[in-house]
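Visitor: What follows is the file run.cif, containing mmCIF, C-alpha atoms:
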data_model
#
loop_
_atom_site.group_PDB
_atom_site.id
_atom_site.type_symbol
_atom_site.label_atom_id
_atom_site.label_comp_id
_atom_site.auth_asym_id
_atom_site.auth_seq_id
_atom_site.Cartn_x
_atom_site.Cartn_y
_atom_site.Cartn_z
ATOM 1 C CA GLU D 1 -17.934 -117.764 -144.865
ATOM 2 C CA ALA D 2 -15.048 -116.266 -142.818
ATOM 3 C CA LYS D 3 -11.550 -116.618 -144.210
ATOM 4 C CA ALA D 4 -8.868 -117.816 -141.780
ATOM 5 C CA VAL D 5 -6.252 -115.170 -140.986
ATOM 6 C CA GLY D 6 -2.628 -116.112 -141.561
ATOM 7 C CA ASP D 7 -0.214 -117.795 -143.949
ATOM 8 C CA TYR D 8 0.144 -121.571 -143.923
ATOM 9 C CA GLN D 9 2.874 -123.764 -145.424
ATOM 10 C CA ARG D 10 2.710 -127.463 -146.069
ATOM 11 C CA GLN D 11 5.335 -129.241 -143.945
ATOM 12 C CA GLY D 12 5.420 -133.000 -144.200
ATOM 13 C CA GLY D 13 1.805 -134.098 -144.373
ATOM 14 C CA ALA D 14 0.333 -131.117 -142.526
ATOM 15 C CA TYR D 15 -0.149 -127.382 -142.842
ATOM 16 C CA ARG D 16 1.705 -125.193 -140.348
ATOM 17 C CA LEU D 17 0.855 -121.560 -139.607
ATOM 18 C CA VAL D 18 3.977 -119.502 -140.430
ATOM 19 C CA GLY D 19 2.763 -115.902 -140.644
ATOM 20 C CA CYS D 20 0.135 -113.470 -139.352
ATOM 21 C CA PRO D 21 -0.620 -109.825 -140.157
ATOM 22 C CA VAL D 22 0.698 -106.992 -137.969
ATOM 23 C CA GLY D 23 -1.680 -106.486 -135.039
ATOM 24 C CA TYR D 24 -1.892 -110.234 -134.405
ATOM 25 C CA LEU D 25 0.399 -112.679 -132.615
ATOM 26 C CA LEU D 26 1.365 -115.959 -134.276
ATOM 27 C CA VAL D 27 0.492 -119.010 -132.132
ATOM 28 C CA ASN D 28 1.725 -122.312 -133.606
ATOM 29 C CA TYR D 29 3.239 -124.442 -130.850
ATOM 30 C CA SER D 30 1.352 -127.527 -132.073
ATOM 31 C CA LEU D 31 -0.588 -128.560 -135.180
ATOM 32 C CA ASP D 32 -3.761 -128.654 -133.076
ATOM 33 C CA GLU D 33 -3.164 -125.209 -131.595
ATOM 34 C CA GLN D 34 -2.268 -122.724 -134.306
ATOM 35 C CA HIS D 35 -3.969 -119.418 -135.008
ATOM 36 C CA CYS D 36 -3.406 -115.687 -135.349
ATOM 37 C CA LYS D 37 -4.321 -114.091 -132.017
ATOM 38 C CA ARG D 38 -5.912 -110.664 -132.536
ATOM 39 C CA CYS D 39 -4.735 -107.900 -130.205
ATOM 40 C CA GLU D 40 -7.811 -106.340 -128.581
ATOM 41 C CA ALA D 41 -8.458 -102.850 -127.185
ATOM 42 C CA PHE D 42 -5.845 -101.542 -124.709
ATOM 43 C CA THR D 43 -3.187 -103.745 -126.350
ATOM 44 C CA TYR D 44 -1.172 -103.793 -129.582
ATOM 45 C CA SER D 45 1.350 -105.840 -131.543
ATOM 46 C CA LEU D 46 4.006 -104.511 -133.897
ATOM 47 C CA SER D 47 5.299 -107.944 -134.927
ATOM 48 C CA PRO D 48 3.432 -111.263 -134.984
ATOM 49 C CA LEU D 49 6.707 -113.009 -134.068
ATOM 50 C CA ASP D 50 7.275 -111.129 -130.782
ATOM 51 C CA GLY D 51 8.244 -113.614 -128.074
ATOM 52 C CA CYS D 52 8.752 -116.569 -130.436
ATOM 53 C CA VAL D 53 11.726 -118.962 -130.446
ATOM 54 C CA ARG D 54 13.524 -121.071 -133.060
ATOM 55 C CA GLY D 55 12.730 -124.769 -132.995
ATOM 56 C CA ASN D 56 15.290 -127.571 -133.505
ATOM 57 C CA GLY D 57 14.596 -127.598 -137.239
ATOM 58 C CA GLY D 58 15.016 -123.824 -137.557
ATOM 59 C CA GLU D 59 11.267 -123.205 -137.689
ATOM 60 C CA THR D 60 9.646 -120.392 -135.722
ATOM 61 C CA VAL D 61 7.665 -121.704 -132.732
ATOM 62 C CA CYS D 62 5.277 -119.383 -130.916
ATOM 63 C CA GLY D 63 3.345 -120.160 -127.758
ATOM 64 C CA ASP D 64 0.255 -118.334 -126.578
ATOM 65 C CA ARG D 65 1.236 -115.011 -124.993
ATOM 66 C CA PRO D 66 -0.288 -111.607 -124.308
ATOM 67 C CA CYS D 67 -0.140 -108.656 -126.687
ATOM 68 C CA GLN D 68 1.794 -105.576 -125.558
ATOM 69 C CA ARG D 69 -0.175 -103.535 -123.008
ATOM 70 C CA CYS D 70 -0.870 -99.949 -123.989
ATOM 71 C CA PRO D 71 0.713 -97.284 -121.753
ATOM 72 C CA THR D 72 -2.599 -96.198 -120.186
ATOM 73 C CA GLN D 73 -1.364 -92.726 -119.212
ATOM 74 C CA GLY D 74 0.612 -92.254 -122.430
ATOM 75 C CA ALA D 75 -1.473 -93.471 -125.362
ATOM 76 C CA VAL D 76 -4.746 -94.924 -126.587
ATOM 77 C CA CYS D 77 -4.686 -98.347 -128.245
ATOM 78 C CA GLU D 78 -7.797 -99.660 -129.938
ATOM 79 C CA GLY D 79 -6.387 -103.082 -130.812
ATOM 80 C CA LEU D 80 -4.309 -104.596 -133.622
ATOM 81 C CA ASP D 81 -1.302 -102.250 -134.125
ATOM 82 C CA ASP D 82 -3.179 -99.032 -133.249
ATOM 83 C CA PHE D 83 -1.215 -96.581 -131.061
ATOM 84 C CA LYS D 84 -2.187 -92.920 -130.558
ATOM 85 C CA PRO D 85 -0.128 -90.778 -128.144
ATOM 86 C CA LEU D 86 -2.235 -88.740 -125.686
ATOM 87 C CA VAL D 87 0.046 -85.677 -125.638
ATOM 88 C CA GLU D 88 0.348 -83.768 -128.890
ATOM 89 C CA GLY D 89 3.990 -83.255 -129.802
ATOM 90 C CA SER D 90 5.234 -86.281 -127.863
ATOM 91 C CA VAL D 91 7.640 -88.535 -129.754
ATOM 92 C CA TRP D 92 7.544 -92.325 -129.492
ATOM 93 C CA ALA D 93 9.793 -94.845 -131.249
ATOM 94 C CA VAL D 94 9.779 -98.606 -131.660
ATOM 95 C CA GLU D 95 12.377 -100.333 -129.490
ATOM 96 C CA THR D 96 13.155 -104.048 -129.273
ATOM 97 C CA ASP D 97 13.934 -105.906 -126.050
ATOM 98 C CA LYS D 98 14.568 -109.669 -126.097
ATOM 99 C CA GLY D 99 12.788 -110.018 -129.430
ATOM 100 C CA VAL D 100 9.696 -108.020 -128.407
ATOM 101 C CA HIS D 101 8.841 -104.731 -130.151
ATOM 102 C CA SER D 102 7.165 -101.934 -128.211
ATOM 103 C CA TRP D 103 6.486 -98.229 -128.490
ATOM 104 C CA ARG D 104 8.716 -96.295 -126.064
ATOM 105 C CA LEU D 105 8.590 -92.642 -125.106
ATOM 106 C CA GLN D 106 11.484 -90.562 -126.437
ATOM 107 C CA ARG D 107 10.435 -86.929 -125.994
ATOM 108 C CA CYS D 108 7.718 -84.718 -124.473
ATOM 109 C CA PRO D 109 6.967 -81.080 -125.335
ATOM 110 C CA ALA D 110 7.770 -78.149 -123.012
ATOM 111 C CA GLY D 111 5.481 -78.134 -119.972
ATOM 112 C CA TYR D 112 5.747 -81.910 -119.600
ATOM 113 C CA LEU D 113 8.217 -84.352 -118.092
ATOM 114 C CA ALA D 114 9.148 -87.697 -119.612
ATOM 115 C CA VAL D 115 8.302 -90.535 -117.220
ATOM 116 C CA ARG D 116 10.008 -93.716 -118.341
ATOM 117 C CA ASN D 117 11.487 -96.546 -116.281
ATOM 118 C CA GLY D 118 13.848 -99.112 -117.726
ATOM 119 C CA SER D 119 14.391 -100.457 -121.217
ATOM 120 C CA ALA D 120 12.494 -103.768 -120.975
ATOM 121 C CA ALA D 121 9.431 -104.151 -123.210
ATOM 122 C CA SER D 122 7.352 -104.828 -120.075
ATOM 123 C CA ASP D 123 8.277 -101.347 -118.762
ATOM 124 C CA ALA D 124 6.697 -99.630 -121.793
ATOM 125 C CA GLN D 125 3.196 -99.693 -120.302
ATOM 126 C CA MET D 126 4.288 -97.062 -117.736
ATOM 127 C CA ASP D 127 5.692 -94.514 -120.229
ATOM 128 C CA GLN D 128 3.964 -91.132 -120.235
ATOM 129 C CA CYS D 129 4.347 -87.390 -120.670
ATOM 130 C CA TRP D 130 3.418 -85.977 -117.298
ATOM 131 C CA GLN D 131 2.229 -82.371 -117.120
ATOM 132 C CA CYS D 132 3.885 -80.125 -114.541
ATOM 133 C CA PRO D 133 1.519 -79.247 -111.666
ATOM 134 C CA PRO D 134 -0.228 -75.832 -111.555
ATOM 135 C CA GLY D 135 2.156 -72.991 -110.759
ATOM 136 C CA THR D 136 5.170 -74.824 -112.236
ATOM 137 C CA TYR D 137 6.425 -75.286 -115.789
ATOM 138 C CA ALA D 138 9.232 -77.012 -117.650
ATOM 139 C CA LEU D 139 10.612 -74.575 -120.239
ATOM 140 C CA GLN D 140 12.505 -77.118 -122.277
ATOM 141 C CA PRO D 141 11.261 -80.311 -123.924
ATOM 142 C CA ALA D 142 11.843 -83.512 -121.982
ATOM 143 C CA VAL D 143 14.194 -85.890 -123.800
ATOM 144 C CA TYR D 144 14.743 -89.406 -122.438
ATOM 145 C CA PRO D 145 17.169 -90.174 -120.777
ATOM 146 C CA HIS D 146 18.964 -86.813 -120.724
ATOM 147 C CA THR D 147 16.700 -83.871 -119.945
ATOM 148 C CA MET D 148 13.637 -83.535 -117.711
ATOM 149 C CA SER D 149 13.036 -87.277 -117.427
ATOM 150 C CA ALA D 150 12.466 -89.543 -114.435
ATOM 151 C CA PRO D 151 11.643 -93.225 -113.827
ATOM 152 C CA ALA D 152 8.431 -92.413 -111.869
ATOM 153 C CA VAL D 153 5.952 -89.552 -111.450
ATOM 154 C CA THR D 154 6.951 -89.139 -107.787
ATOM 155 C CA GLU D 155 10.539 -88.393 -108.868
ATOM 156 C CA ALA D 156 9.379 -86.167 -111.739
ATOM 157 C CA LEU D 157 7.667 -83.694 -109.369
ATOM 158 C CA ALA D 158 10.987 -82.152 -108.355
ATOM 159 C CA LEU D 159 11.925 -81.370 -111.990
ATOM 160 C CA CYS D 160 9.205 -78.737 -112.638
#
Show this structure as C-alpha cells.
Guide:
Amino acid sequence: EAKAVGDYQRQGGAYRLVGCPVGYLLVNYSLDEQHCKRCEAFTYSLSPLDGCVRGNGGETVCGDRPCQRCPTQGAVCEGLDDFKPLVEGSVWAVETDKGVHSWRLQRCPAGYLAVRNGSAASDAQMDQCWQCPPGTYALQPAVYPHTMSAPAVTEALALC
C-alpha cells in the first residue's frame, strides 16, 4: 500500500495539505484538489511553496503550476531537487524572484563565458557556461555580472 506524500492538518471538519518534501510542489487550492506534485526529469523544485499565495485566513494556497525548468545547456536535472552543473568548476547559487527559488549561474572557469540574461526565475533555464570557440580563450574566470558575461551566446562570442 502506497503512503500519500505530504503533511496534512485538520482544519474545521476536513484535512488540508500544508506541506510537501523538497522536490515536489504543494497543490492545495481546494479540498478536492490537493496533492504533492513530483518534479520529473528536466525539472526541479527547491521549495514546495514556490509560486504560492496567502489566503484570506493567512493559510498558504497553491495552485497547480510547473516545476522549474532545468537550464538544458547548463545542468542536468533528473527530477525532484536534483541539479548537476555540466561544466566542472562552475558555481551556481539559489536566488529567489517573486517567491520562486531557482539555481542561477554565478561563475564559470577560465576558457568559458557566463551566459545569463535577467534576474527573473523564468530566465534561469537559459543560464550556461559557454566554451570559447576553437582558436580563442578566456584567461580569466567569468563572474556574473562583472567579468566575461553576456545575456546571450551571440553577444558572448566577442568576449573570447
Visitor: Please, what distance in Å, to one decimal, runs between atom CA of D:Gly12 and atom CA of D:Leu26?
Guide: 20.1 Å
Visitor: Could you check which of D:Ser47, D:Thr154, D:Tyr112, D:Gln68 is closest to D:Gln140, using all atoms listed in the file?
Guide: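 Checking each of D:Ser47, D:Thr154, D:Tyr112, D:Gln68 against D:Gln140, counting all atoms listed in the file, the winner is D:Tyr112.
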Visitor: Atom CA of D:Leu159 and atom CA of D:Gly135, how far apart in Å?
Guide: 12.9 Å
Visitor: Mind telling me what the PyMOL selection byres ((chain D and resi 18) around 10) catches here, as an MDAnalysis selection string?
Guide: chainID D and resid 6:10 15:17 19:20 26:28 34:36 48:49 59:62
Visitor: Convert the output of the PyMOL selection byres ((chain D and resi 108) around 12) on the shown file into explicit residues, formatted as number ranges by chain.
Guide: D: 74, 85-92, 104-107, 109-116, 127-132, 138-145, 147-149
Visitor: So how many Å separate atom CA of D:Val100 and atom CA of D:Ala75, to one decimal?
Guide: 18.6 Å
Visitor: Report the residues retrieved by the PyMOL selection byres ((chain D and resi 67) around 9) from the displayed file, expressed as a PyMOL selection string.
Guide: chain D and resi 23-25+37-40+43-45+50+65-66+68-69
Visitor: Between D:Trp103, D:Pro134, D:Asp82, D:Ser30, single out the one closest to D:Ser122, counting all atoms listed in the file.
Guide: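 Ranking D:Trp103, D:Pro134, D:Asp82, D:Ser30 by distance to D:Ser122, first place goes to D:Trp103.
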Visitor: Given all atoms listed in the file as the basis, pick out the residue of D:Val5, D:Gly63, D:Lys84, D:Ala150 nearest to D:Met126.
Guide: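 Residue with the minimum atom-to-atom distance to D:Met126: D:Ala150.
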Visitor: Given only C-alpha atoms as the basis, pick out the residue of D:Leu31, D:Val153, D:Ala120, D:Tyr137 nearest to D:Gly99.
Guide: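 Looking at the shortest contact to D:Gly99, the residue is D:Ala120.
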Visitor: When you count only C-alpha atoms, which of these residues is closest to D:Pro21: D:Asp64, D:Glu155, D:Asp81, D:Glu33?
Guide: D:Asp81
Visitor: Quick one: residues within 8 Å of D:Ser119, all atoms listed in the file, excluding same-chain residues fewer than 3 positions away - as a list in words?
Guide: Asp97, Asp123 and Ala124 of chain D
Visitor: Would you save the residues from that selection as a short mmCIF file (atom, residue, chain, number, x, y, z; two decimals), keeping the file's coordinate frame, using C-alpha atoms?
Guide:
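Final file, part.cif:
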data_model
loop_
_atom_site.label_atom_id
_atom_site.label_comp_id
_atom_site.auth_asym_id
_atom_site.auth_seq_id
_atom_site.Cartn_x
_atom_site.Cartn_y
_atom_site.Cartn_z
CA ASP D 97 13.93 -105.91 -126.05
CA ASP D 123 8.28 -101.35 -118.76
CA ALA D 124 6.70 -99.63 -121.79
#
Visitor: Using all atoms listed in the file, which of the listed residues (D:Gly79, D:Gly51, D:Gly57, D:Pro133) sits closest to D:Val22?
Guide: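 Answer, going by the shortest atom-to-atom distance: D:Gly79.
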Visitor: Kindly output stretch 37-60 of chain D as a PDB file, in the coordinates of the input, after building N, CA and C atoms.
Guide:
ATOM      1  N   LYS D  37      -3.620-114.672-133.164  1.00  0.00           N
ATOM      2  CA  LYS D  37      -4.321-114.091-132.017  1.00  0.00           C
ATOM      3  C   LYS D  37      -4.433-112.584-132.233  1.00  0.00           C
ATOM      4  N   ARG D  38      -5.663-112.086-132.301  1.00  0.00           N
ATOM      5  CA  ARG D  38      -5.912-110.664-132.536  1.00  0.00           C
ATOM      6  C   ARG D  38      -5.672-109.876-131.251  1.00  0.00           C
ATOM      7  N   CYS D  39      -4.941-108.769-131.363  1.00  0.00           N
ATOM      8  CA  CYS D  39      -4.735-107.900-130.205  1.00  0.00           C
ATOM      9  C   CYS D  39      -5.966-107.013-130.049  1.00  0.00           C
ATOM     10  N   GLU D  40      -6.560-107.050-128.859  1.00  0.00           N
ATOM     11  CA  GLU D  40      -7.811-106.340-128.581  1.00  0.00           C
ATOM     12  C   GLU D  40      -7.521-104.933-128.048  1.00  0.00           C
ATOM     13  N   ALA D  41      -8.582-104.208-127.725  1.00  0.00           N
ATOM     14  CA  ALA D  41      -8.458-102.850-127.185  1.00  0.00           C
ATOM     15  C   ALA D  41      -7.538-102.844-125.964  1.00  0.00           C
ATOM     16  N   PHE D  42      -6.806-101.772-125.796  1.00  0.00           N
ATOM     17  CA  PHE D  42      -5.845-101.542-124.709  1.00  0.00           C
ATOM     18  C   PHE D  42      -4.561-102.346-124.883  1.00  0.00           C
ATOM     19  N   THR D  43      -4.409-103.017-126.034  1.00  0.00           N
ATOM     20  CA  THR D  43      -3.187-103.745-126.350  1.00  0.00           C
ATOM     21  C   THR D  43      -2.824-103.492-127.811  1.00  0.00           C
ATOM     22  N   TYR D  44      -1.610-103.917-128.195  1.00  0.00           N
ATOM     23  CA  TYR D  44      -1.172-103.793-129.582  1.00  0.00           C
ATOM     24  C   TYR D  44      -0.069-104.809-129.853  1.00  0.00           C
ATOM     25  N   SER D  45       0.221-105.011-131.137  1.00  0.00           N
ATOM     26  CA  SER D  45       1.350-105.840-131.543  1.00  0.00           C
ATOM     27  C   SER D  45       1.972-105.231-132.786  1.00  0.00           C
ATOM     28  N   LEU D  46       3.276-105.058-132.753  1.00  0.00           N
ATOM     29  CA  LEU D  46       4.006-104.511-133.897  1.00  0.00           C
ATOM     30  C   LEU D  46       4.641-105.596-134.743  1.00  0.00           C
ATOM     31  N   SER D  47       4.742-106.808-134.193  1.00  0.00           N
ATOM     32  CA  SER D  47       5.299-107.944-134.927  1.00  0.00           C
ATOM     33  C   SER D  47       4.619-109.224-134.459  1.00  0.00           C
ATOM     34  N   PRO D  48       4.075-110.015-135.382  1.00  0.00           N
ATOM     35  CA  PRO D  48       3.432-111.263-134.984  1.00  0.00           C
ATOM     36  C   PRO D  48       4.399-112.285-134.389  1.00  0.00           C
ATOM     37  N   LEU D  49       5.707-112.059-134.569  1.00  0.00           N
ATOM     38  CA  LEU D  49       6.707-113.009-134.068  1.00  0.00           C
ATOM     39  C   LEU D  49       7.291-112.612-132.714  1.00  0.00           C
ATOM     40  N   ASP D  50       6.780-111.533-132.103  1.00  0.00           N
ATOM     41  CA  ASP D  50       7.275-111.129-130.782  1.00  0.00           C
ATOM     42  C   ASP D  50       7.162-112.281-129.792  1.00  0.00           C
ATOM     43  N   GLY D  51       8.252-112.590-129.101  1.00  0.00           N
ATOM     44  CA  GLY D  51       8.244-113.614-128.074  1.00  0.00           C
ATOM     45  C   GLY D  51       8.363-115.041-128.586  1.00  0.00           C
ATOM     46  N   CYS D  52       8.619-115.222-129.872  1.00  0.00           N
ATOM     47  CA  CYS D  52       8.752-116.569-130.436  1.00  0.00           C
ATOM     48  C   CYS D  52      10.196-117.058-130.303  1.00  0.00           C
ATOM     49  N   VAL D  53      10.392-118.357-130.499  1.00  0.00           N
ATOM     50  CA  VAL D  53      11.726-118.962-130.446  1.00  0.00           C
ATOM     51  C   VAL D  53      11.943-119.809-131.691  1.00  0.00           C
ATOM     52  N   ARG D  54      13.192-120.172-131.947  1.00  0.00           N
ATOM     53  CA  ARG D  54      13.524-121.071-133.060  1.00  0.00           C
ATOM     54  C   ARG D  54      13.480-122.510-132.566  1.00  0.00           C
ATOM     55  N   GLY D  55      12.791-123.354-133.322  1.00  0.00           N
ATOM     56  CA  GLY D  55      12.730-124.769-132.995  1.00  0.00           C
ATOM     57  C   GLY D  55      13.994-125.482-133.447  1.00  0.00           C
ATOM     58  N   ASN D  56      14.109-126.774-133.149  1.00  0.00           N
ATOM     59  CA  ASN D  56      15.290-127.571-133.505  1.00  0.00           C
ATOM     60  C   ASN D  56      15.535-127.616-135.007  1.00  0.00           C
ATOM     61  N   GLY D  57      14.467-127.561-135.782  1.00  0.00           N
ATOM     62  CA  GLY D  57      14.596-127.598-137.239  1.00  0.00           C
ATOM     63  C   GLY D  57      14.717-126.216-137.864  1.00  0.00           C
ATOM     64  N   GLY D  58      14.877-125.178-137.045  1.00  0.00           N
ATOM     65  CA  GLY D  58      15.016-123.824-137.557  1.00  0.00           C
ATOM     66  C   GLY D  58      13.692-123.108-137.767  1.00  0.00           C
ATOM     67  N   GLU D  59      12.581-123.815-137.512  1.00  0.00           N
ATOM     68  CA  GLU D  59      11.267-123.205-137.689  1.00  0.00           C
ATOM     69  C   GLU D  59      10.945-122.271-136.521  1.00  0.00           C
ATOM     70  N   THR D  60      10.079-121.315-136.762  1.00  0.00           N
ATOM     71  CA  THR D  60       9.646-120.392-135.722  1.00  0.00           C
ATOM     72  C   THR D  60       8.514-121.036-134.935  1.00  0.00           C
TER      73      THR D  60
END
